Amino acid sequence: NKRIATIGDAMVVFNPSKTGPLRFVPSFERAVGGAELNFAIGVTRLDMEAKWISCIGDDEFGKLIYNFARGEGIDVSHVLRTPHIPTSIYFKEIREDGAGKSFYYRNPSPLLELTEDRIDESVLDDVDLLHISGVYLAVCEHNIEVALKLITLAQAKNIPISFDPNLRLKLWTIEDARAVYEKVYPSINLLLTGQDEFELLFEGRTIKDVQESYKIDEIIVKKGEQGATVYTATEQYDREAFSIRAIDTVGAGDAFDAAYVYSYLNGDDIVERLRLANGAGALVATIKGDNEGLPSLQELRQFIGDEKLIER
Ligand code: ADP
Ligand code: KDG
């Protein structure tokens with residue numbers, strides 16, 4: 001079985017019991033989130049293996065996250081615990097159209113304790129792809145050093161690298177994000193980005209220009225209900241989104257990434273990868289929560305119409 005590795009913070013998520021401004025929300029439902037953990041769950045549900053590298057608080061919420069990740073079948077052998085920093089949490093606000101807004105309580109993050117020297121040299125030995133997300137890079141200043149160490153380990157083994165900028169302007173400034181991402185772009189094979197995010201990060205530069213300057217094999221642009229487009233050095237592939245009623249779009253991008261990477265490692269062509277990725281993104285958007293809607297392979301195939309659903 002193919003195996004991916006990713007690194008990042010995870011949080012206890014408080015999902016609002018109703019839509020609208022947070023100050024009018026009287027109660028919340030506890031769940032688990034975090035972009036990189038969502039991605040790892042997405043890959044695991046699709047029957048590949050995922051190793052999640054992290055550090056969480058040695059507290060009740062940390063235990064919840066650890067058990068949750070284990071329960072999803074994720075390899076947690078590289079998850080550290082710290083007694084010094086509490087596990088991160090965040091509250092989510094949801095608008096009527098399903099769009100989400102995050103209010104974080106994650107500074108300091110337990111990842112402060114996951115320094116470069118604590119990364120095991122053999123961590124990528126059994127891995128087929130390394131996935132890095134910008135949320136991780138935003139959380140602590142030293143995370144770029146840790147990420148660059150993982151990237152060096154991946155490159156030494158010829159392991160492809162995917163990167164989702166996952167720009168979170170509540171965690172840092174656009175200038176800081178741009179400067180840090182510059183260090184990552186030259187090493188990546190797949191850039192999985194939102195359309196608005198691409199425009200913010202590259203300020204009017206064309207896809208072709210970005211692709212050529214950093215030698216990125218594929219730039220995959222996610223366009224919400226417009227679907228997605230993939231650009232290779234020579235071709236462009238467009239695919240419409242599935243038609244759904246969005247309830248909570250938080251996590252749709254992670255689902256898309258997981259299905260795209262799954263399909264890429266599976267050897268599917270780009271059109272098929274886009275179909276699966278749009279399907280996974282849409283399914284997550286139809287369910288409240290960041291990862292609850294991540295489909296199994298069978299659910300995904302049923303949704304995109306490859307398999308008939310027999311329910312009785
Ligand atoms: P990101 O969170 O990375 O900005 P998007 O919001 O663009 O990502 O969503 C990622 C993918 O999820 C989209 O490319 C699409 O495939 C799917 N998706 C998201 N929102 C919708 C929607 N309202 N209808 C159908 N598909 C959606
Ligand atoms: O992509 C979804 C994530 O953003 C969410 O689960 C948590 O906001 C979050 C983060 O920063 O990881």
# chains A, B, ... in the order shown; residues from 1 in each chain; ligands from 1
>>> residues_near_ligand(ligand="ligand 1", cutoff="7 Å", atoms="only C-alpha atoms and all ligand atoms", output="ChimeraX atom specification")
/A:166,193-194,222-228,241-246,249-254,256,277-282,285
>>> residues_near_ligand(ligand="ligand 2", cutoff="10 Å", atoms="only C-alpha atoms and all ligand atoms", output="PyMOL selection string")
chain A and resi 8-13+31-39+89-92+100-104+106+133-136+138-139+164+166-171+249-255+289-291
>>> residues_around(residues="Ile188 (chain A)", least_positions_apart="6", cutoff="7 Å", atoms="only C-alpha atoms", output="list in words")
Ile161, Ser162, Phe163 and Ile216 of chain A
>>> write_last_selection(atoms="N, CA and C atoms", output="PDB file, in the first residue's frame")
ATOM      1  N   ILE A 161       6.779  15.695  -3.592  1.00  0.00           N
ATOM      2  CA  ILE A 161       6.309  16.580  -2.525  1.00  0.00           C
ATOM      3  C   ILE A 161       5.119  17.383  -3.024  1.00  0.00           C
ATOM      4  N   SER A 162       4.038  17.376  -2.236  1.00  0.00           N
ATOM      5  CA  SER A 162       2.890  18.231  -2.563  1.00  0.00           C
ATOM      6  C   SER A 162       2.820  19.339  -1.529  1.00  0.00           C
ATOM      7  N   PHE A 163       2.319  20.491  -1.972  1.00  0.00           N
ATOM      8  CA  PHE A 163       2.251  21.643  -1.077  1.00  0.00           C
ATOM      9  C   PHE A 163       0.936  22.380  -1.281  1.00  0.00           C
ATOM     10  N   ILE A 216       7.604  23.593 -11.168  1.00  0.00           N
ATOM     11  CA  ILE A 216       6.561  22.813 -10.488  1.00  0.00           C
ATOM     12  C   ILE A 216       5.854  21.955 -11.547  1.00  0.00           C
TER      13      ILE A 216
END
>>> residues_around(residues="Glu113 (chain A)", least_positions_apart="5", cutoff="9 Å", atoms="only C-alpha atoms", output="ChimeraX atom specification")
/A:55,80-82,84-85,118
>>> residues_around(residues="Leu129 (chain A)", least_positions_apart="4", cutoff="6 Å", atoms="only C-alpha atoms", output="PyMOL selection string")
chain A and resi 4+159-161
>>> select_by_dssp(residues="region 221-268 of chain A", states="strand (DSSP E or B)", output="list in words")
Val221, Lys222, Ala228, Thr229, Val230, Tyr231, Gln236, Tyr237, Asp238 and Arg239 of chain A
>>> closest_residue(among="A:Thr87, A:Asp117, A:Arg95, A:Asp238", to="Leu64 (chain A)", atoms="only C-alpha atoms")
A:Thr87
>>> atom_distance(atom1="CA of Arg239 (chain A)", atom2="CA of Leu274 (chain A)")
6.6 Å
